[in-house]
$ cat entry.txt   # compact mmCIF, C-alpha atoms
# COMPACT_ATOMS: atom_id res chain seq x y z
CA MET U 19 0.00 0.00 0.00
CA ASN U 20 1.19 3.52 -0.70
CA SER U 21 1.97 6.12 1.93
CA ALA U 22 -0.77 8.60 0.98
CA VAL U 23 -2.36 10.34 3.94
CA HIS U 24 -5.95 9.22 4.34
CA PRO U 25 -8.84 11.73 4.68
CA ALA U 26 -9.61 10.78 8.29
CA ALA U 27 -5.96 11.32 9.26
CA LYS U 28 -5.98 14.72 7.56
CA ALA U 29 -9.18 15.57 9.43
CA LEU U 30 -7.67 14.62 12.78
CA TRP U 31 -4.62 16.77 12.15
CA PHE U 32 -6.77 19.70 11.03
CA ILE U 33 -9.05 19.49 14.08
CA GLU U 34 -6.21 19.26 16.56
CA ASN U 35 -4.53 22.31 15.02
CA ARG U 36 -7.61 24.55 14.88
CA PHE U 37 -8.91 24.65 18.45
CA ASP U 38 -8.61 28.42 18.53
CA THR U 39 -10.79 28.94 15.43
CA THR U 40 -14.27 28.08 14.29
CA ILE U 41 -14.27 24.63 12.71
CA THR U 42 -16.98 23.58 10.26
CA LEU U 43 -17.56 20.36 8.40
CA ASP U 44 -16.90 22.22 5.15
CA ASP U 45 -13.50 23.34 6.45
CA ILE U 46 -12.53 19.82 7.46
CA ALA U 47 -13.70 18.30 4.18
CA ALA U 48 -11.89 20.94 2.13
CA HIS U 49 -8.65 20.32 4.00
CA ALA U 50 -8.96 16.57 3.44
CA GLY U 51 -9.77 17.12 -0.24
CA VAL U 52 -13.13 15.35 -0.21
CA SER U 53 -16.82 16.31 -0.16
CA ARG U 54 -18.86 16.93 3.00
CA PHE U 55 -20.66 13.65 2.39
CA HIS U 56 -17.42 11.74 1.88
CA MET U 57 -15.86 13.30 4.97
CA THR U 58 -18.87 12.38 7.09
CA ARG U 59 -18.78 8.76 6.03
CA VAL U 60 -15.02 8.21 6.05
CA PHE U 61 -14.60 9.63 9.55
CA ASP U 62 -17.65 7.86 10.97
CA VAL U 63 -16.68 4.48 9.52
CA ARG U 64 -13.00 4.84 10.39
CA MET U 65 -13.24 6.35 13.87
CA GLY U 66 -16.67 5.18 15.06
CA VAL U 67 -17.94 8.66 15.94
CA PRO U 68 -19.37 11.50 13.81
CA VAL U 69 -16.73 14.05 12.90
CA MET U 70 -18.50 17.08 14.36
CA ALA U 71 -19.39 15.15 17.53
CA TYR U 72 -15.66 14.45 17.86
CA VAL U 73 -14.85 18.15 17.41
CA ARG U 74 -17.36 19.08 20.10
CA ALA U 75 -16.16 16.40 22.53
CA ARG U 76 -12.49 17.32 22.03
CA ARG U 77 -13.10 21.02 22.65
CA LEU U 78 -15.23 20.37 25.73
CA SER U 79 -12.61 17.93 27.06
CA GLU U 80 -9.89 20.53 26.75
CA ALA U 81 -12.18 23.05 28.42
CA ALA U 82 -12.80 20.60 31.27
CA LYS U 83 -9.04 20.26 31.79
CA ARG U 84 -8.68 24.04 32.04
CA LEU U 85 -11.55 24.30 34.51
CA ALA U 86 -10.22 21.50 36.70
CA GLY U 87 -6.89 23.31 36.64
CA GLY U 88 -8.50 26.35 38.21
CA ALA U 89 -9.43 28.62 35.28
CA GLY U 90 -11.19 31.59 36.85
CA ASP U 91 -13.22 33.04 34.00
CA ILE U 92 -15.69 30.49 32.61
CA LEU U 93 -16.75 32.80 29.78
CA SER U 94 -13.17 32.95 28.51
CA VAL U 95 -13.02 29.16 28.54
CA ALA U 96 -16.35 29.06 26.72
CA LEU U 97 -15.15 31.45 24.02
CA GLU U 98 -11.97 29.48 23.48
CA ALA U 99 -14.07 26.33 23.11
CA GLY U 100 -16.10 27.98 20.34
CA TYR U 101 -19.20 28.95 22.30
CA GLY U 102 -20.61 32.46 22.11
CA SER U 103 -22.15 32.59 25.55
CA HIS U 104 -21.84 31.20 29.05
CA GLU U 105 -25.30 29.64 28.72
CA ALA U 106 -24.60 27.76 25.48
CA PHE U 107 -21.30 26.47 26.86
CA THR U 108 -22.90 25.33 30.12
CA ARG U 109 -25.65 23.48 28.26
CA ALA U 110 -23.21 21.68 25.97
CA PHE U 111 -20.82 20.94 28.83
CA ARG U 112 -23.57 19.43 30.97
CA ASP U 113 -24.86 17.36 28.05
CA GLN U 114 -21.35 16.00 27.47
CA PHE U 115 -20.25 15.30 31.04
CA GLY U 116 -23.32 15.46 33.29
CA LEU U 117 -21.76 18.28 35.31
CA THR U 118 -21.70 22.06 35.01
CA PRO U 119 -18.49 23.99 34.34
CA GLU U 120 -18.76 25.50 37.84
CA GLN U 121 -18.88 22.06 39.44
CA VAL U 122 -15.73 20.91 37.66
CA ARG U 123 -13.91 24.13 38.49
CA ASP U 124 -14.96 24.04 42.14
CA ARG U 125 -13.94 20.44 42.75
CA LYS U 126 -10.66 20.86 40.78
CA SER U 127 -10.79 17.30 39.57
CA LEU U 128 -11.60 15.34 36.41
CA TYR U 129 -12.53 12.24 38.37
CA GLY U 130 -15.50 10.45 36.81
CA ILE U 131 -15.43 12.54 33.63
CA LYS U 132 -15.03 10.65 30.37
CA LEU U 133 -12.77 12.87 28.33
CA GLN U 134 -12.40 12.61 24.56
CA GLU U 135 -8.68 12.30 24.04
CA PRO U 136 -7.17 12.74 20.57
CA PHE U 137 -7.57 9.76 18.30
CA ILE U 138 -4.41 8.13 17.06
CA MET U 139 -4.95 7.10 13.47
CA ASP U 140 -4.78 3.35 12.95
CA LYS U 141 -3.06 2.87 9.62
CA ALA U 142 -3.67 -0.89 9.44
CA LEU U 143 -5.88 -1.27 6.39
CA ILE U 144 -6.51 -4.48 4.51
CA ASP U 145 -5.78 -5.56 0.98
CA ILE U 146 -8.70 -5.79 -1.44
CA PRO U 147 -7.47 -8.28 -4.07
CA SER U 148 -9.95 -7.08 -6.69
CA PRO U 149 -10.50 -3.47 -5.63
CA HIS U 150 -13.72 -2.77 -7.45
CA THR U 151 -15.95 -3.28 -10.42
CA LEU U 152 -17.91 -0.43 -11.99
CA ILE U 153 -21.42 -1.63 -12.61
CA ALA U 154 -24.73 -0.11 -13.74
CA GLY U 155 -27.28 -0.52 -10.97
CA GLN U 156 -30.97 -0.93 -11.67
CA ALA U 157 -33.92 0.73 -9.97
CA ILE U 158 -35.03 -1.36 -7.00
CA CYS U 159 -37.27 -0.91 -3.99
CA ILE U 160 -36.09 -2.28 -0.66
CA GLY U 161 -38.55 -2.93 2.15
CA GLY U 162 -37.68 -3.85 5.71
CA LEU U 163 -36.96 -2.66 9.22
CA SER U 164 -34.96 0.50 9.69
CA GLY U 165 -33.27 2.42 12.47
CA HIS U 166 -31.65 5.80 13.00
CA TYR U 167 -28.06 5.61 14.21
CA ARG U 168 -25.47 8.11 15.31
CA GLY U 169 -21.88 7.06 14.75
CA GLU U 170 -21.38 5.59 18.19
CA GLU U 171 -24.67 3.67 17.96
CA THR U 172 -23.97 1.64 14.82
CA ALA U 173 -22.90 -1.32 16.96
CA ALA U 174 -26.64 -1.90 17.42
CA ILE U 175 -27.20 -2.66 13.72
CA PRO U 176 -26.81 -6.45 14.18
CA MET U 177 -29.79 -6.30 16.54
CA LEU U 178 -31.84 -4.84 13.69
CA TRP U 179 -30.98 -7.87 11.57
CA GLN U 180 -32.04 -10.15 14.39
CA LYS U 181 -35.42 -8.41 14.51
CA PHE U 182 -35.76 -8.71 10.75
CA GLY U 183 -34.92 -12.43 10.63
CA PRO U 184 -38.36 -13.75 11.65
CA TYR U 185 -39.99 -11.93 8.70
CA LEU U 186 -38.00 -14.06 6.26
CA PRO U 187 -38.82 -15.65 3.89
CA ASP U 188 -42.44 -14.44 3.90
CA VAL U 189 -42.15 -10.68 3.26
CA PRO U 190 -45.28 -9.62 1.31
CA GLY U 191 -44.58 -8.51 -2.24
CA ARG U 192 -41.03 -9.81 -2.21
CA ILE U 193 -39.39 -10.04 -5.64
CA GLY U 194 -35.92 -10.77 -6.99
CA ASP U 195 -33.62 -13.42 -5.63
CA PRO U 196 -35.34 -15.10 -2.65
CA TYR U 197 -31.99 -15.61 -0.92
CA THR U 198 -30.66 -12.04 -1.20
CA THR U 199 -30.98 -9.37 1.48
CA TYR U 200 -29.80 -5.76 1.64
CA GLY U 201 -28.36 -3.47 4.28
CA VAL U 202 -29.13 0.02 2.99
CA CYS U 203 -27.52 3.22 4.33
CA TYR U 204 -29.54 6.34 3.52
CA ASN U 205 -30.66 9.76 4.81
CA GLN U 206 -27.07 10.56 5.67
CA SER U 207 -26.50 13.70 7.71
CA ASP U 208 -23.40 15.21 9.25
CA ASN U 209 -23.55 12.95 12.31
CA ALA U 210 -26.13 10.20 11.73
CA ILE U 211 -27.49 7.72 9.24
CA ASP U 212 -30.56 5.56 8.65
CA TYR U 213 -29.91 1.86 8.08
CA MET U 214 -32.41 -0.67 6.73
CA ALA U 215 -32.28 -4.45 6.89
CA GLY U 216 -34.51 -5.52 4.01
CA VAL U 217 -35.25 -7.34 0.79
CA GLU U 218 -36.32 -6.29 -2.68
CA VAL U 219 -40.07 -5.76 -2.87
CA SER U 220 -42.61 -4.51 -5.35
CA PRO U 221 -43.12 -0.73 -4.98
CA ASP U 222 -46.82 -1.32 -4.25
CA ALA U 223 -46.30 -4.19 -1.81
CA ASP U 224 -48.65 -4.34 1.19
CA LEU U 225 -45.96 -4.40 3.86
CA PRO U 226 -46.34 -4.70 7.64
CA PRO U 227 -46.90 -1.34 9.35
CA GLU U 228 -43.53 -1.51 11.07
CA PHE U 229 -41.75 -1.70 7.70
CA SER U 230 -40.46 1.19 5.64
CA THR U 231 -39.14 1.34 2.09
CA VAL U 232 -36.20 2.88 0.25
CA ARG U 233 -36.26 3.33 -3.51
CA ILE U 234 -32.85 3.08 -5.11
CA THR U 235 -32.61 4.82 -8.47
CA PRO U 236 -30.35 3.66 -11.33
CA GLN U 237 -26.76 4.69 -10.60
CA THR U 238 -23.24 3.78 -11.57
CA TYR U 239 -21.76 1.84 -8.67
CA ALA U 240 -18.32 0.86 -7.52
CA ARG U 241 -18.87 -2.68 -6.28
CA PHE U 242 -16.50 -4.24 -3.75
CA VAL U 243 -16.46 -7.74 -2.29
CA HIS U 244 -15.81 -8.51 1.37
CA THR U 245 -14.71 -12.16 1.38
CA GLY U 246 -13.95 -12.76 5.05
CA HIS U 247 -16.07 -13.22 8.13
CA ILE U 248 -18.75 -10.60 8.68
CA SER U 249 -16.94 -9.36 11.80
CA GLY U 250 -14.25 -7.92 9.52
CA LEU U 251 -16.68 -5.88 7.44
CA ARG U 252 -15.74 -2.62 9.17
CA ALA U 253 -12.11 -3.03 8.07
CA THR U 254 -13.26 -3.46 4.48
CA TRP U 255 -15.42 -0.34 4.74
CA SER U 256 -12.46 1.56 6.19
CA THR U 257 -10.20 0.47 3.35
CA ILE U 258 -12.77 1.50 0.76
CA TRP U 259 -13.35 4.96 2.24
CA ASP U 260 -9.77 5.65 3.35
CA LYS U 261 -7.73 4.12 0.56
CA TRP U 262 -9.47 3.11 -2.62
CA LEU U 263 -11.95 5.95 -3.08
CA PRO U 264 -9.38 8.75 -2.51
CA GLU U 265 -7.02 7.02 -4.96
CA SER U 266 -9.66 6.18 -7.57
CA GLY U 267 -10.26 9.68 -8.94
CA LEU U 268 -14.02 9.09 -8.82
CA ARG U 269 -16.45 11.22 -6.85
CA VAL U 270 -18.92 9.61 -4.50
CA LYS U 271 -22.55 10.57 -5.10
CA HIS U 272 -24.85 11.59 -2.27
CA ALA U 273 -27.13 8.60 -2.71
CA PRO U 274 -28.00 5.46 -0.74
CA PHE U 275 -25.23 2.87 -0.63
CA PHE U 276 -25.74 -0.69 0.43
CA GLU U 277 -24.46 -4.09 1.45
CA LYS U 278 -25.77 -6.98 -0.62
CA TYR U 279 -25.92 -10.38 1.07
CA GLY U 280 -26.32 -13.02 -1.61
CA PRO U 281 -27.24 -16.71 -1.52
CA GLU U 282 -23.67 -17.63 -0.56
CA PHE U 283 -23.83 -15.65 2.69
CA ASN U 284 -24.65 -17.67 5.80
CA GLY U 285 -26.30 -15.50 8.42
CA ARG U 286 -25.73 -18.11 11.15
CA THR U 287 -21.99 -18.46 10.65
CA GLY U 288 -21.23 -14.99 9.27
CA GLU U 289 -19.31 -16.56 6.39
CA GLY U 290 -19.84 -16.38 2.65
CA GLY U 291 -18.98 -12.83 1.67
CA VAL U 292 -20.80 -9.54 1.18
CA GLU U 293 -20.90 -7.08 -1.71
CA ILE U 294 -20.62 -3.34 -1.01
CA TRP U 295 -22.15 -0.96 -3.58
CA ILE U 296 -21.31 2.76 -3.53
CA ALA U 297 -22.79 5.17 -6.09
CA VAL U 298 -20.17 7.18 -7.99
CA GLU U 299 -20.22 9.76 -10.74
CA ALA U 300 -19.69 8.06 -14.07

$ encode --input "entry.txt" --output "structure tokens"
Amino acid sequence: MNSAVHPAAKALWFIENRFDTTITLDDIAAHAGVSRFHMTRVFDVRMGVPVMAYVRARRLSEAAKRLAGGAGDILSVALEAGYGSHEAFTRAFRDQFGLTPEQVRDRKSLYGIKLQEPFIMDKALIDIPSPHTLIAGQAICIGGLSGHYRGEETAAIPMLWQKFGPYLPDVPGRIGDPYTTYGVCYNQSDNAIDYMAGVEVSPDADLPPEFSTVRITPQTYARFVHTGHISGLRATWSTIWDKWLPESGLRVKHAPFFEKYGPEFNGRTGEGGVEIWIAVEA
């Protein structure tokens, strides 16, 4: 693998060197040389936390250290942390740590406070023997169970699949391969994503009330194959976002992307491989 600096590493460096200025997602993405959407996904997948949530937690952690060290003027600490008022700073500080700035300053201790220390970039990516295939995707409608996840909550996605399992193989209006399921990522925002565990259905299918649908329009996709155990899927995602996409010269489209679990995948053992489809500009 080459020694190119990955977007998440560039973002970490940029954040740690801009504590005394206003930091926006646009600024971070521009420094890393990728789009807002790309920056959101690459940082979330790589680091396990939304990029702007990390910025907020880092600044508040540094503020907490100053307060515990005896900083006298809370407003000055608030301004240095990027907050325009004592009230806004106090609200964010309490949401982050469960204590007010005054309490931390008065007790002069960080005991019991979970600080966000700087991430150290893990450079251990994996090799993708056949990096990608460009493929024309067709219009499909996916129906299933969905959830809304912030970066640190994505560990709960396997539970969504467990809930979806009993609906198989009798999903009303199901079409396409009866042994193929989809994990669809959509409605991406700066710090959260919706994820659906589903199957291909007819657009007019009479689905259970707890189901929702996502319509995927025809796109050009970069298709990758994860061949190992499902527990290693995150490493494959990291390699795609951190290595291949920045090196490919293609631009990622702001569109749903998905995991495709074909007939060869065994949900009980986690073996059999998974395809990853990401929409790109042709």

$ residues_around --input "entry.txt" --residues "Asp45 of chain U" --least-positions-apart "4" --cutoff "10 Å" --atoms "all atoms listed in the file" --output "list in words"
Ala29, Phe32, Ile33, Thr40, Ile41, His49, Ala50, Gly51 and Arg54 of chain U

$ atom_distance --input "entry.txt" --atom1 "atom CA of Ala81 of chain U" --atom2 "atom CA of Val95 of chain U"
6.2 Å

$ closest_residue --input "entry.txt" --among "U:Phe55, U:Trp262, U:Trp179, U:Tyr101" --to "Ala210 of chain U" --atoms "all atoms listed in the file"
U:Phe55

$ residues_around --input "entry.txt" --residues "Met65 of chain U" --least-positions-apart "3" --cutoff "12 Å" --atoms "all atoms listed in the file" --output "compact mmCIF listing (two decimals) with C-alpha atoms, keeping the file's coordinate frame"
# COMPACT_ATOMS: atom_id res chain seq x y z
CA PRO U 25 -8.84 11.73 4.68
CA ALA U 26 -9.61 10.78 8.29
CA ALA U 27 -5.96 11.32 9.26
CA ALA U 29 -9.18 15.57 9.43
CA LEU U 30 -7.67 14.62 12.78
CA MET U 57 -15.86 13.30 4.97
CA THR U 58 -18.87 12.38 7.09
CA ARG U 59 -18.78 8.76 6.03
CA VAL U 60 -15.02 8.21 6.05
CA PHE U 61 -14.60 9.63 9.55
CA ASP U 62 -17.65 7.86 10.97
CA PRO U 68 -19.37 11.50 13.81
CA VAL U 69 -16.73 14.05 12.90
CA MET U 70 -18.50 17.08 14.36
CA ALA U 71 -19.39 15.15 17.53
CA TYR U 72 -15.66 14.45 17.86
CA PRO U 136 -7.17 12.74 20.57
CA PHE U 137 -7.57 9.76 18.30
CA ILE U 138 -4.41 8.13 17.06
CA MET U 139 -4.95 7.10 13.47
CA ASP U 140 -4.78 3.35 12.95
CA LYS U 141 -3.06 2.87 9.62
CA GLY U 169 -21.88 7.06 14.75
CA GLU U 170 -21.38 5.59 18.19
CA THR U 172 -23.97 1.64 14.82
CA ARG U 252 -15.74 -2.62 9.17
CA ALA U 253 -12.11 -3.03 8.07
CA TRP U 255 -15.42 -0.34 4.74
CA SER U 256 -12.46 1.56 6.19
CA TRP U 259 -13.35 4.96 2.24
CA ASP U 260 -9.77 5.65 3.35

$ atom_distance --input "entry.txt" --atom1 "atom CA of Phe182 of chain U" --atom2 "atom CA of Gly162 of chain U"
7.3 Å

$ residues_around --input "entry.txt" --residues "Pro281 of chain U" --least-positions-apart "2" --cutoff "12 Å" --atoms "all atoms listed in the file" --output "ChimeraX atom specification"
/U:194-200,278-279,283-285,289-293

$ axis_aligned_box --input "entry.txt" --around "segment 191-201 of chain U" --padding-each-side "6 Å" --output "lines of an AutoDock Vina configuration file"
center_x = -36.5
center_y = -9.5
center_z = -1.4
size_x = 28.2
size_y = 24.1
size_z = 23.3

$ atom_distance --input "entry.txt" --atom1 "atom CA of Lys261 of chain U" --atom2 "atom CA of Phe37 of chain U"
27.3 Å

$ closest_atom_pairs --input "entry.txt" --of "segment 154-183 of chain U" --to "segment 213-228 of chain U" --cutoff "10 Å" --atoms "all atoms listed in the file" --output "Markdown table"
| residue | atom | partner | partner_atom | distance |
| --- | --- | --- | --- | --- |
| U:Ile158 | CA | U:Glu218 | CA | 6.7 |
| U:Cys159 | CA | U:Glu218 | CA | 5.6 |
| U:Ile160 | CA | U:Glu218 | CA | 4.5 |
| U:Gly161 | CA | U:Gly216 | CA | 5.1 |
| U:Gly162 | CA | U:Gly216 | CA | 4.0 |
| U:Leu163 | CA | U:Ala215 | CA | 5.5 |
| U:Ser164 | CA | U:Met214 | CA | 4.1 |
| U:Gly165 | CA | U:Tyr213 | CA | 5.6 |
| U:His166 | CA | U:Tyr213 | CA | 6.5 |
| U:Tyr167 | CA | U:Tyr213 | CA | 7.4 |
| U:Thr172 | CA | U:Tyr213 | CA | 9.0 |
| U:Ile175 | CA | U:Tyr213 | CA | 7.7 |
| U:Pro176 | CA | U:Ala215 | CA | 9.3 |
| U:Leu178 | CA | U:Ala215 | CA | 6.8 |
| U:Trp179 | CA | U:Ala215 | CA | 5.9 |
| U:Gln180 | CA | U:Ala215 | CA | 9.4 |
| U:Lys181 | CA | U:Ala215 | CA | 9.1 |
| U:Phe182 | CA | U:Ala215 | CA | 6.7 |
| U:Gly183 | CA | U:Ala215 | CA | 9.2 |

$ write_last_selection --input "entry.txt" --atoms "C-alpha atoms" --output "short mmCIF file (atom, residue, chain, number, x, y, z; two decimals), in the frame of the given file"
data_model
loop_
_atom_site.label_atom_id
_atom_site.label_comp_id
_atom_site.auth_asym_id
_atom_site.auth_seq_id
_atom_site.Cartn_x
_atom_site.Cartn_y
_atom_site.Cartn_z
CA ILE U 158 -35.03 -1.36 -7.00
CA CYS U 159 -37.27 -0.91 -3.99
CA ILE U 160 -36.09 -2.28 -0.66
CA GLY U 161 -38.55 -2.93 2.15
CA GLY U 162 -37.68 -3.85 5.71
CA LEU U 163 -36.96 -2.66 9.22
CA SER U 164 -34.96 0.50 9.69
CA GLY U 165 -33.27 2.42 12.47
CA HIS U 166 -31.65 5.80 13.00
CA TYR U 167 -28.06 5.61 14.21
CA THR U 172 -23.97 1.64 14.82
CA ILE U 175 -27.20 -2.66 13.72
CA PRO U 176 -26.81 -6.45 14.18
CA LEU U 178 -31.84 -4.84 13.69
CA TRP U 179 -30.98 -7.87 11.57
CA GLN U 180 -32.04 -10.15 14.39
CA LYS U 181 -35.42 -8.41 14.51
CA PHE U 182 -35.76 -8.71 10.75
CA GLY U 183 -34.92 -12.43 10.63
#

$ closest_residue --input "entry.txt" --among "U:Asn205, U:Ser266, U:Thr257, U:Gln156" --to "Ile234 of chain U" --atoms "all atoms listed in the file"
U:Gln156

$ closest_residue --input "entry.txt" --among "U:Ile131, U:Val73, U:Val270, U:Ala297" --to "Thr42 of chain U" --atoms "only C-alpha atoms"
U:Val73

$ residues_around --input "entry.txt" --residues "Asp113 of chain U" --least-positions-apart "6" --cutoff "12 Å" --atoms "all atoms listed in the file" --output "short mmCIF file (atom, residue, chain, number, x, y, z; two decimals) with C-alpha atoms, in the frame of the given file"
data_model
loop_
_atom_site.label_atom_id
_atom_site.label_comp_id
_atom_site.auth_asym_id
_atom_site.auth_seq_id
_atom_site.Cartn_x
_atom_site.Cartn_y
_atom_site.Cartn_z
CA ARG U 74 -17.36 19.08 20.10
CA ALA U 75 -16.16 16.40 22.53
CA LEU U 78 -15.23 20.37 25.73
CA ALA U 106 -24.60 27.76 25.48
CA PHE U 107 -21.30 26.47 26.86
CA PRO U 119 -18.49 23.99 34.34
CA ILE U 131 -15.43 12.54 33.63
#

$ residues_near_point --input "entry.txt" --point "(-9.7, 21.0, 27.5)" --cutoff "10 Å" --atoms "all atoms listed in the file" --output "PyMOL selection string"
chain U and resi 37+75-87+95+98-99+133-135

$ write_last_selection --input "entry.txt" --atoms "C-alpha atoms" --output "PDB file, in the coordinates of the input"
ATOM      1  CA  PHE U  37      -8.910  24.650  18.450  1.00  0.00           C
ATOM      2  CA  ALA U  75     -16.160  16.400  22.530  1.00  0.00           C
ATOM      3  CA  ARG U  76     -12.490  17.320  22.030  1.00  0.00           C
ATOM      4  CA  ARG U  77     -13.100  21.020  22.650  1.00  0.00           C
ATOM      5  CA  LEU U  78     -15.230  20.370  25.730  1.00  0.00           C
ATOM      6  CA  SER U  79     -12.610  17.930  27.060  1.00  0.00           C
ATOM      7  CA  GLU U  80      -9.890  20.530  26.750  1.00  0.00           C
ATOM      8  CA  ALA U  81     -12.180  23.050  28.420  1.00  0.00           C
ATOM      9  CA  ALA U  82     -12.800  20.600  31.270  1.00  0.00           C
ATOM     10  CA  LYS U  83      -9.040  20.260  31.790  1.00  0.00           C
ATOM     11  CA  ARG U  84      -8.680  24.040  32.040  1.00  0.00           C
ATOM     12  CA  LEU U  85     -11.550  24.300  34.510  1.00  0.00           C
ATOM     13  CA  ALA U  86     -10.220  21.500  36.700  1.00  0.00           C
ATOM     14  CA  GLY U  87      -6.890  23.310  36.640  1.00  0.00           C
ATOM     15  CA  VAL U  95     -13.020  29.160  28.540  1.00  0.00           C
ATOM     16  CA  GLU U  98     -11.970  29.480  23.480  1.00  0.00           C
ATOM     17  CA  ALA U  99     -14.070  26.330  23.110  1.00  0.00           C
ATOM     18  CA  LEU U 133     -12.770  12.870  28.330  1.00  0.00           C
ATOM     19  CA  GLN U 134     -12.400  12.610  24.560  1.00  0.00           C
ATOM     20  CA  GLU U 135      -8.680  12.300  24.040  1.00  0.00           C
TER      21      GLU U 135
END

$ build_atoms --input "entry.txt" --residues "segment 272-278 of chain U" --atoms "all heavy atoms" --output "mmCIF file, in the coordinates of the input"
data_model
loop_
_atom_site.group_PDB
_atom_site.id
_atom_site.type_symbol
_atom_site.label_atom_id
_atom_site.label_comp_id
_atom_site.auth_asym_id
_atom_site.auth_seq_id
_atom_site.Cartn_x
_atom_site.Cartn_y
_atom_site.Cartn_z
ATOM 1 N N HIS U 272 -24.037 11.568 -3.486
ATOM 2 C CA HIS U 272 -24.850 11.590 -2.270
ATOM 3 C C HIS U 272 -26.130 10.818 -2.565
ATOM 4 O O HIS U 272 -27.153 11.379 -2.936
ATOM 5 C CB HIS U 272 -25.169 13.024 -1.866
ATOM 6 C CG HIS U 272 -25.662 13.134 -0.463
ATOM 7 N ND1 HIS U 272 -25.732 14.309 0.220
ATOM 8 C CD2 HIS U 272 -26.116 12.187 0.402
ATOM 9 C CE1 HIS U 272 -26.206 14.106 1.435
ATOM 10 N NE2 HIS U 272 -26.452 12.817 1.561
ATOM 11 N N ALA U 273 -26.031 9.509 -2.413
ATOM 12 C CA ALA U 273 -27.130 8.600 -2.710
ATOM 13 C C ALA U 273 -27.022 7.417 -1.768
ATOM 14 O O ALA U 273 -25.963 7.192 -1.164
ATOM 15 C CB ALA U 273 -27.052 8.129 -4.170
ATOM 16 N N PRO U 274 -28.105 6.651 -1.594
ATOM 17 C CA PRO U 274 -28.000 5.460 -0.740
ATOM 18 C C PRO U 274 -26.885 4.531 -1.224
ATOM 19 O O PRO U 274 -26.667 4.384 -2.423
ATOM 20 C CB PRO U 274 -29.376 4.802 -0.894
ATOM 21 C CG PRO U 274 -30.303 5.917 -1.253
ATOM 22 C CD PRO U 274 -29.474 6.831 -2.129
ATOM 23 N N PHE U 275 -26.183 3.932 -0.294
ATOM 24 C CA PHE U 275 -25.230 2.870 -0.630
ATOM 25 C C PHE U 275 -25.623 1.662 0.196
ATOM 26 O O PHE U 275 -26.337 1.777 1.198
ATOM 27 C CB PHE U 275 -23.784 3.302 -0.392
ATOM 28 C CG PHE U 275 -23.494 3.896 0.960
ATOM 29 C CD1 PHE U 275 -23.024 3.106 1.988
ATOM 30 C CD2 PHE U 275 -23.677 5.257 1.182
ATOM 31 C CE1 PHE U 275 -22.742 3.652 3.229
ATOM 32 C CE2 PHE U 275 -23.388 5.821 2.421
ATOM 33 C CZ PHE U 275 -22.925 5.007 3.452
ATOM 34 N N PHE U 276 -25.183 0.488 -0.231
ATOM 35 C CA PHE U 276 -25.740 -0.690 0.430
ATOM 36 C C PHE U 276 -24.799 -1.884 0.433
ATOM 37 O O PHE U 276 -23.872 -1.976 -0.369
ATOM 38 C CB PHE U 276 -27.084 -1.076 -0.196
ATOM 39 C CG PHE U 276 -27.050 -1.328 -1.683
ATOM 40 C CD1 PHE U 276 -26.763 -2.584 -2.196
ATOM 41 C CD2 PHE U 276 -27.322 -0.295 -2.579
ATOM 42 C CE1 PHE U 276 -26.745 -2.813 -3.557
ATOM 43 C CE2 PHE U 276 -27.313 -0.512 -3.948
ATOM 44 C CZ PHE U 276 -27.015 -1.777 -4.438
ATOM 45 N N GLU U 277 -25.086 -2.772 1.377
ATOM 46 C CA GLU U 277 -24.460 -4.090 1.450
ATOM 47 C C GLU U 277 -25.437 -5.081 0.839
ATOM 48 O O GLU U 277 -26.632 -5.040 1.136
ATOM 49 C CB GLU U 277 -24.175 -4.461 2.903
ATOM 50 C CG GLU U 277 -23.285 -3.472 3.626
ATOM 51 C CD GLU U 277 -23.466 -3.474 5.131
ATOM 52 O OE1 GLU U 277 -24.419 -4.139 5.626
ATOM 53 O OE2 GLU U 277 -22.688 -2.792 5.812
ATOM 54 N N LYS U 278 -24.935 -5.976 0.021
ATOM 55 C CA LYS U 278 -25.770 -6.980 -0.620
ATOM 56 C C LYS U 278 -25.322 -8.360 -0.152
ATOM 57 O O LYS U 278 -24.194 -8.781 -0.400
ATOM 58 C CB LYS U 278 -25.674 -6.876 -2.139
ATOM 59 C CG LYS U 278 -26.588 -7.822 -2.892
ATOM 60 C CD LYS U 278 -26.471 -7.591 -4.394
ATOM 61 C CE LYS U 278 -27.386 -8.517 -5.181
ATOM 62 N NZ LYS U 278 -27.256 -8.283 -6.647
#
